[in-house]
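Below is one structure, written out as structure tokens, with a few remarks after it.
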Amino acid sequence: MYDLLVIGAGSGGVRAARVAAGYGAKVAIAEEYRIGGTCVIRGCVPKKLLVYGAHFAEDLEDAARFGWRIENAQFEWTVLRDNVLAEVERLSGLYTQTLRNHNVEILRGRATFRSSTEVEIDGRIVRAKTILIATGARPHIPDRPGCEHGITSNEAFHLDALPRRIVIAGGGYIANEFAGIFNKLGSTVTVINRSDQILRGYDEQIRDRLLQISLTKGIRFLFNAPIDRVEKRPDGTLLVQLQNGESVECDTLMFATGRVPNTDGLGCERAGVEIDERGAVKVDDMNRTTCPSIYAVGDVTNRVQLTPVAIREAQAFADTVFGGKPTKVDYDCIPSAVFSHPPLAGVGLTESEARNRLGSIKIYTSDFRPMKHVLANRNERALYKLVVDNATGRVVGAHMIGPDAPEILQVVAIAVKAGLTKEQFDQTVAIHPTMAEELVLLK
Ligand code: NDP
């Protein structure tokens with residue numbers, strides 16, 4: 001009998017297992033695939049490495065204006081792909097080692113509930129006093145004829161060759177990040193989205209700027225364009241037929257149409273764990289499911305689908321249940337970023353949210369061409385924006401698009417979370433010349 005059985009060795013599961021074991025619990029973790037989960041194996045980490053790889057295309061172009069002559073620069077997809085996959089392998093090994101160092105037993109296989117304290121893993125029954133569901137989410141694929149011919153981000157990291165023409169369905173994080181990657185690496189990219197906007201939830205002006213820049217880079221966008229069906233031709237090319245009557249031909253179709261919680265086949269009903277209408281495990285603010293001995297964290301609960309949030313939930317769970325320190329996750333002011341080309345990031349209220357919620361607000365923006373772009377003759381402008389509550393003078397939102405925006409925003413997020421005022425931003429001396437100095441110079 002274990003004190004804790006964790007189902008799923010992703011970011012949330014590994015953190016919970018390690019911390020609970022550190023508190024002295026006897027812990028096992030079940031995983032059917034590799035240790036590390038979406039973020040490490042087929043998400044954030046390999047994606048960011050591809051973004052770095054793709055960005056060299058611009059750096060090499062810009063290099064000429066800085067005096068560098070680089071002739072016959074060539075890109076080999078398989079070199080980048082294999083190096084990224086090797087790095088993923090290394091990180092997965094480190095995660096495995098961490099679990100072993102904490103005496104967490106790794107149980108290989110797919111877990112299904114038998115009861116509220118029993119789980120079957122490949123024919124073997126495992127018992128635990130407490131069980132944590134941390135099975136994450138998987139890509140959603142629209143239920144239309146022929147969609148099985150498409151891939152998802154899971155497969156994008158393993159492609160044999162770069163597609164000459166790729167259609168990406170969706171207009172969210174994954175669609176925009178991969179549109180930037182494939183565009184920079186030389187594919188012809190068409191993004192098709194069911195609605196008329198990209199990146200719902202981000203500040204409108206920042207999204208518009210990304211759309212403009214993406215169009216300038218040659219990425220094509222089709223809006224109000226849900227898929228009707230997909231046909232595979234004998235030569236392997238795909239014809240993506242849209243519900244608006246248009247069609248697009250491509251070599252690869254990639255779905256980035258959201259992610260759904262991994263609860264299918266888990267047998268939650270046998271453990272008294274209720275699932276909501278979207279397939280997510282229902283939890284309260286202490287990560288408790290409807291069964292007293294079972295908890296859930298991360299994407300499987302469909303709260304905020306971000307790795308650092310899953311990790312916080314897992315830490316809070318372990319501190320509460322095994323550390324004697326009841327902890328709730330604070331979901332206020334979660335910063336986030338999209339690693340598009342260029343990247344964008346935001347924290348707090350968008351302009352329209354602030355207008356609706358606070359009424360009287362003031363907006364400060366800086367719309368500028370970064371120094372490096374000026375010398376490179378790159379006509380690409382960055383945009384920084386602060387949303388200020390007139391009543392208190394507090395900065396309630398910060399949004400930006402431009403080189404290194406996620407790196408800069410992480411630091412601004414501390415100030416926004418701390419409730420600092422615009423006046424306090426202004427009291428801070430600029431570091432010159434930087435892009436980030438714009439934030440303390442906004443008039
Ligand atoms: P997103 O939720 O970001 O975007 C989904 C997109 O697909 C939206 O444009 C949406 O359209 C469209 N869509 C949703 N459902 C359907 C459907 N049934 N049929 C057709 N289109 C649909 O999801 P992603 O897949 O891009 O990413 C999943 C999650 O992973 C993100 O929400 C994010 O939390 C996380 N993630 C975070 C990253 C980061 O932090 N940088 C990177 C990658 C992923 P509509 O315009 O109508 O909303």
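Naming works like this for the structure tokens: A, B, ... for the chains as they're shown, residue 1 at the start of each chain, ligands 1 onward in shown order.
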
- Task: Please identify the residues whose atoms come within 8 Å of ligand 1, using only C-alpha atoms and all ligand atoms, and report them as number ranges by chain.
- Result: A: 43-44, 139-142, 169-177, 193-200, 226-227, 255-259, 304-307, 336-339

- If we count only C-alpha atoms, what is near region 214-221 of chain A at a cut-off of 8 Å, once residues fewer than 2 positions away on the same chain are taken out, given as a list of chain:residue names?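 Within the cut-off, the hits are A:Ala179, A:Gly180, A:Asn183, A:Thr188, A:Val189, A:Thr190, A:Val191, A:Ile192, A:Asn193, A:Leu210, A:Leu211, A:Gln212, A:Phe223, A:His341.
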
Could you write out the selected residues, including C-alpha atoms, as a PDB file, in the first residue's frame?
```
ATOM      1  CA  ALA A 179       3.129  29.175 -38.019  1.00  0.00           C
ATOM      2  CA  GLY A 180       6.194  31.247 -37.066  1.00  0.00           C
ATOM      3  CA  ASN A 183       7.336  30.091 -41.998  1.00  0.00           C
ATOM      4  CA  THR A 188       4.400  28.032 -47.088  1.00  0.00           C
ATOM      5  CA  VAL A 189       2.020  28.462 -44.151  1.00  0.00           C
ATOM      6  CA  THR A 190      -1.752  28.947 -44.140  1.00  0.00           C
ATOM      7  CA  VAL A 191      -3.555  29.349 -40.804  1.00  0.00           C
ATOM      8  CA  ILE A 192      -7.262  28.550 -40.852  1.00  0.00           C
ATOM      9  CA  ASN A 193      -9.419  29.403 -37.857  1.00  0.00           C
ATOM     10  CA  LEU A 210       1.094  39.929 -34.489  1.00  0.00           C
ATOM     11  CA  LEU A 211      -1.416  39.402 -37.287  1.00  0.00           C
ATOM     12  CA  GLN A 212      -0.008  42.332 -39.294  1.00  0.00           C
ATOM     13  CA  PHE A 223     -10.847  33.353 -40.802  1.00  0.00           C
ATOM     14  CA  HIS A 341       7.714  35.450 -34.448  1.00  0.00           C
TER      15      HIS A 341
END
```

- Message: For Phe66 (chain A), find every residue with an atom within 12 Å (counting only C-alpha atoms), except residues of its own chain fewer than 6 positions away, and show them as an MDAnalysis selection string.
- Response: chainID A and resid 59:60 372:377

Same residues, N, CA and C atoms, saved as a PDB file, in the first residue's frame:
```pdb
ATOM      1  N   ASP A  59      18.092  36.202 -38.173  1.00  0.00           N
ATOM      2  CA  ASP A  59      19.407  36.682 -37.737  1.00  0.00           C
ATOM      3  C   ASP A  59      20.403  36.642 -38.899  1.00  0.00           C
ATOM      4  N   LEU A  60      20.319  35.578 -39.698  1.00  0.00           N
ATOM      5  CA  LEU A  60      21.242  35.461 -40.831  1.00  0.00           C
ATOM      6  C   LEU A  60      20.952  36.544 -41.871  1.00  0.00           C
ATOM      7  N   LYS A 372      17.971  47.327 -33.062  1.00  0.00           N
ATOM      8  CA  LYS A 372      18.594  46.307 -33.901  1.00  0.00           C
ATOM      9  C   LYS A 372      17.861  46.204 -35.240  1.00  0.00           C
ATOM     10  N   HIS A 373      16.544  46.323 -35.192  1.00  0.00           N
ATOM     11  CA  HIS A 373      15.761  46.262 -36.426  1.00  0.00           C
ATOM     12  C   HIS A 373      16.036  47.472 -37.318  1.00  0.00           C
ATOM     13  N   VAL A 374      16.274  48.633 -36.697  1.00  0.00           N
ATOM     14  CA  VAL A 374      16.518  49.845 -37.486  1.00  0.00           C
ATOM     15  C   VAL A 374      17.772  49.645 -38.328  1.00  0.00           C
ATOM     16  N   LEU A 375      18.861  49.210 -37.679  1.00  0.00           N
ATOM     17  CA  LEU A 375      20.102  49.025 -38.444  1.00  0.00           C
ATOM     18  C   LEU A 375      19.958  47.895 -39.464  1.00  0.00           C
ATOM     19  N   ALA A 376      19.162  46.907 -39.121  1.00  0.00           N
ATOM     20  CA  ALA A 376      18.989  45.767 -40.029  1.00  0.00           C
ATOM     21  C   ALA A 376      18.012  46.085 -41.168  1.00  0.00           C
ATOM     22  N   ASN A 377      17.434  47.297 -41.149  1.00  0.00           N
ATOM     23  CA  ASN A 377      16.403  47.646 -42.140  1.00  0.00           C
ATOM     24  C   ASN A 377      15.200  46.729 -42.051  1.00  0.00           C
TER      25      ASN A 377
END
```

- Query: For Tyr364 (chain A), which of A:Leu441, A:Ile213, A:Ala405, A:Val51 is the closest residue, counting only C-alpha atoms?
  - Reply: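 Looking at the shortest contact to Tyr364 (chain A), the residue is A:Leu441.
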
- Message: Which residue is closest to Gly53 (chain A)? Choose from A:Glu76, A:Pro261, A:Ala28, A:Ala137 and count only C-alpha atoms.
- Response: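 Among the listed residues, the smallest separation from Gly53 (chain A) belongs to A:Glu76.
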
- Task: For Ile41 (chain A), work out the shell of residues within 7 Å, counting only C-alpha atoms and skipping chain neighbours fewer than 4 positions away, then give it as an MDAnalysis selection string.
- Result: chainID A and resid 36:37 88

Could the residues in this selection be written to a file with N, CA, C and O atoms, as a short mmCIF file (atom, residue, chain, number, x, y, z; two decimals), in the first residue's frame?
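Output below, filename result.cif:
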```cif
data_model
loop_
_atom_site.label_atom_id
_atom_site.label_comp_id
_atom_site.auth_asym_id
_atom_site.auth_seq_id
_atom_site.Cartn_x
_atom_site.Cartn_y
_atom_site.Cartn_z
N GLY A 36 8.17 12.94 -18.07
CA GLY A 36 8.37 14.35 -18.44
C GLY A 36 7.09 15.04 -18.87
O GLY A 36 6.92 16.23 -18.67
N GLY A 37 6.21 14.28 -19.53
CA GLY A 37 4.91 14.84 -19.92
C GLY A 37 4.99 15.77 -21.11
O GLY A 37 6.02 15.90 -21.77
N VAL A 88 15.49 16.44 -25.58
CA VAL A 88 14.28 15.96 -24.89
C VAL A 88 14.59 14.67 -24.14
O VAL A 88 14.20 14.48 -22.99
#
```

- Message: Run DSSP on the backbone and tell me which residues of region 126-273 of chain A come out as alpha helix (DSSP H); list them as a PyMOL selection string.
- Response: chain A and resi 153-156+173-185+204-216+268-271

For the residues in the current selection, export N, CA, C and O atoms as a compact mmCIF listing (two decimals), in the first residue's frame.
```
# COMPACT_ATOMS: atom_id res chain seq x y z
N SER A 153 0.60 18.81 -32.87
CA SER A 153 1.94 19.22 -32.45
C SER A 153 2.74 18.00 -31.98
O SER A 153 3.97 17.99 -32.07
N ASN A 154 2.06 16.94 -31.52
CA ASN A 154 2.80 15.74 -31.08
C ASN A 154 3.71 15.21 -32.19
O ASN A 154 4.85 14.83 -31.94
N GLU A 155 3.17 15.19 -33.41
CA GLU A 155 3.94 14.61 -34.52
C GLU A 155 4.87 15.63 -35.17
O GLU A 155 5.81 15.26 -35.86
N ALA A 156 4.57 16.93 -34.97
CA ALA A 156 5.34 17.97 -35.67
C ALA A 156 6.83 17.89 -35.35
O ALA A 156 7.67 18.25 -36.17
N TYR A 173 -2.38 29.51 -29.26
CA TYR A 173 -0.95 29.45 -28.94
C TYR A 173 -0.19 28.60 -29.96
O TYR A 173 0.77 29.04 -30.57
N ILE A 174 -0.64 27.34 -30.08
CA ILE A 174 0.15 26.39 -30.86
C ILE A 174 0.16 26.78 -32.33
O ILE A 174 1.19 26.74 -32.99
N ALA A 175 -1.00 27.22 -32.84
CA ALA A 175 -1.10 27.61 -34.24
C ALA A 175 -0.12 28.74 -34.54
O ALA A 175 0.63 28.68 -35.53
N ASN A 176 -0.10 29.77 -33.71
CA ASN A 176 0.76 30.92 -34.00
C ASN A 176 2.24 30.61 -33.78
O ASN A 176 3.09 31.11 -34.51
N GLU A 177 2.53 29.77 -32.79
CA GLU A 177 3.93 29.43 -32.57
C GLU A 177 4.47 28.60 -33.74
O GLU A 177 5.55 28.87 -34.27
N PHE A 178 3.70 27.60 -34.16
CA PHE A 178 4.18 26.75 -35.26
C PHE A 178 4.10 27.46 -36.61
O PHE A 178 4.90 27.18 -37.51
N ALA A 179 3.17 28.39 -36.77
CA ALA A 179 3.13 29.18 -38.02
C ALA A 179 4.45 29.92 -38.15
O ALA A 179 5.07 29.95 -39.23
N GLY A 180 4.92 30.52 -37.05
CA GLY A 180 6.19 31.25 -37.07
C GLY A 180 7.36 30.32 -37.36
O GLY A 180 8.23 30.63 -38.17
N ILE A 181 7.36 29.16 -36.73
CA ILE A 181 8.46 28.20 -36.92
C ILE A 181 8.53 27.76 -38.39
O ILE A 181 9.56 27.89 -39.05
N PHE A 182 7.41 27.26 -38.90
CA PHE A 182 7.43 26.71 -40.27
C PHE A 182 7.68 27.81 -41.31
O PHE A 182 8.37 27.59 -42.30
N ASN A 183 7.12 28.98 -41.07
CA ASN A 183 7.34 30.09 -42.00
C ASN A 183 8.82 30.43 -42.06
O ASN A 183 9.40 30.58 -43.15
N LYS A 184 9.47 30.55 -40.92
CA LYS A 184 10.89 30.92 -40.90
C LYS A 184 11.77 29.82 -41.48
O LYS A 184 12.82 30.08 -42.03
N LEU A 185 11.34 28.57 -41.32
CA LEU A 185 12.15 27.47 -41.84
C LEU A 185 11.91 27.25 -43.33
O LEU A 185 12.54 26.40 -43.94
N GLU A 204 -6.18 43.12 -27.56
CA GLU A 204 -6.55 43.24 -28.98
C GLU A 204 -5.45 43.88 -29.83
O GLU A 204 -5.14 43.40 -30.92
N GLN A 205 -4.86 44.97 -29.29
CA GLN A 205 -3.86 45.70 -30.08
C GLN A 205 -2.61 44.85 -30.32
O GLN A 205 -2.01 44.89 -31.39
N ILE A 206 -2.28 44.04 -29.32
CA ILE A 206 -1.09 43.20 -29.43
C ILE A 206 -1.35 42.08 -30.44
O ILE A 206 -0.50 41.73 -31.26
N ARG A 207 -2.58 41.53 -30.39
CA ARG A 207 -2.93 40.45 -31.33
C ARG A 207 -2.93 40.99 -32.76
O ARG A 207 -2.47 40.33 -33.68
N ASP A 208 -3.47 42.22 -32.92
CA ASP A 208 -3.51 42.83 -34.25
C ASP A 208 -2.11 43.00 -34.79
O ASP A 208 -1.86 42.79 -35.97
N ARG A 209 -1.20 43.40 -33.89
CA ARG A 209 0.18 43.62 -34.34
C ARG A 209 0.80 42.30 -34.81
O ARG A 209 1.47 42.25 -35.83
N LEU A 210 0.53 41.22 -34.07
CA LEU A 210 1.09 39.93 -34.49
C LEU A 210 0.52 39.54 -35.85
O LEU A 210 1.25 39.07 -36.73
N LEU A 211 -0.78 39.76 -36.02
CA LEU A 211 -1.42 39.40 -37.29
C LEU A 211 -0.78 40.18 -38.44
O LEU A 211 -0.39 39.59 -39.46
N GLN A 212 -0.63 41.49 -38.25
CA GLN A 212 -0.01 42.33 -39.29
C GLN A 212 1.38 41.84 -39.64
O GLN A 212 1.73 41.68 -40.80
N ILE A 213 2.20 41.59 -38.60
CA ILE A 213 3.59 41.18 -38.85
C ILE A 213 3.62 39.81 -39.51
O ILE A 213 4.39 39.56 -40.43
N SER A 214 2.74 38.91 -39.05
CA SER A 214 2.71 37.56 -39.63
C SER A 214 2.34 37.62 -41.11
O SER A 214 2.92 36.91 -41.93
N LEU A 215 1.38 38.50 -41.44
CA LEU A 215 0.98 38.65 -42.84
C LEU A 215 2.16 39.18 -43.66
O LEU A 215 2.42 38.70 -44.76
N THR A 216 2.88 40.14 -43.09
CA THR A 216 4.04 40.71 -43.79
C THR A 216 5.09 39.63 -44.04
O THR A 216 5.79 39.64 -45.05
N CYS A 268 -12.82 6.79 -14.08
CA CYS A 268 -13.11 7.68 -12.94
C CYS A 268 -14.43 7.31 -12.26
O CYS A 268 -14.56 7.45 -11.04
N GLU A 269 -15.37 6.81 -13.06
CA GLU A 269 -16.70 6.48 -12.51
C GLU A 269 -16.58 5.37 -11.44
O GLU A 269 -17.35 5.35 -10.48
N ARG A 270 -15.59 4.50 -11.58
CA ARG A 270 -15.43 3.41 -10.60
C ARG A 270 -14.85 3.91 -9.27
O ARG A 270 -14.86 3.21 -8.27
N ALA A 271 -14.33 5.14 -9.30
CA ALA A 271 -13.73 5.69 -8.08
C ALA A 271 -14.58 6.81 -7.49
O ALA A 271 -14.20 7.41 -6.49
```

- Contacts of Arg278 (chain A) at 10 Å (only C-alpha atoms; same-chain gap of 4+ positions) as a PyMOL selection string: chain A and resi 260-261+301-302

Residue selection dump (all heavy atoms) as a PDB file, in the first residue's frame:
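After the write, result11.pdb holds the following:
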```
ATOM      1  N   VAL A 260      -7.817  18.665 -24.993  1.00  0.00           N
ATOM      2  CA  VAL A 260      -8.882  18.120 -24.142  1.00  0.00           C
ATOM      3  C   VAL A 260      -8.291  17.257 -23.020  1.00  0.00           C
ATOM      4  O   VAL A 260      -7.297  16.560 -23.219  1.00  0.00           O
ATOM      5  CB  VAL A 260      -9.903  17.274 -24.953  1.00  0.00           C
ATOM      6  CG1 VAL A 260     -10.777  18.171 -25.803  1.00  0.00           C
ATOM      7  CG2 VAL A 260      -9.223  16.236 -25.819  1.00  0.00           C
ATOM      8  N   PRO A 261      -8.908  17.337 -21.831  1.00  0.00           N
ATOM      9  CA  PRO A 261      -8.386  16.591 -20.678  1.00  0.00           C
ATOM     10  C   PRO A 261      -8.334  15.086 -20.946  1.00  0.00           C
ATOM     11  O   PRO A 261      -9.227  14.526 -21.587  1.00  0.00           O
ATOM     12  CB  PRO A 261      -9.405  16.895 -19.579  1.00  0.00           C
ATOM     13  CG  PRO A 261     -10.090  18.138 -20.011  1.00  0.00           C
ATOM     14  CD  PRO A 261     -10.112  18.113 -21.504  1.00  0.00           C
ATOM     15  N   THR A 301      -7.623  19.009 -15.240  1.00  0.00           N
ATOM     16  CA  THR A 301      -8.696  19.732 -14.547  1.00  0.00           C
ATOM     17  C   THR A 301      -9.202  20.913 -15.372  1.00  0.00           C
ATOM     18  O   THR A 301     -10.156  21.587 -14.973  1.00  0.00           O
ATOM     19  CB  THR A 301      -8.228  20.263 -13.174  1.00  0.00           C
ATOM     20  OG1 THR A 301      -7.179  21.223 -13.384  1.00  0.00           O
ATOM     21  CG2 THR A 301      -7.711  19.151 -12.284  1.00  0.00           C
ATOM     22  N   ASN A 302      -8.521  21.188 -16.502  1.00  0.00           N
ATOM     23  CA  ASN A 302      -8.956  22.236 -17.434  1.00  0.00           C
ATOM     24  C   ASN A 302      -9.192  23.580 -16.759  1.00  0.00           C
ATOM     25  O   ASN A 302     -10.183  24.247 -17.041  1.00  0.00           O
ATOM     26  CB  ASN A 302     -10.224  21.783 -18.163  1.00  0.00           C
ATOM     27  CG  ASN A 302     -10.378  22.466 -19.508  1.00  0.00           C
ATOM     28  OD1 ASN A 302      -9.416  23.045 -20.021  1.00  0.00           O
ATOM     29  ND2 ASN A 302     -11.565  22.424 -20.069  1.00  0.00           N
TER      30      ASN A 302
END
```

- Task: Output as number ranges by chain all residues of region 99-335 of chain A that backbone DSSP marks as strand (DSSP E).
- Result: A: 105-108, 111-113, 118-121, 124-133, 137-139, 151-152, 165-169, 188-192, 220-222, 227-232, 238-242, 247-250, 252-255, 259-261, 294-296

- Message: I'd like the neighbourhood of Val387 (chain A) as a ChimeraX atom specification, where a residue qualifies if any of its atoms comes within 7 Å (using only C-alpha atoms), though same-chain residues fewer than 5 positions away should be ignored.
- Response: /A:351,361-364,395-398
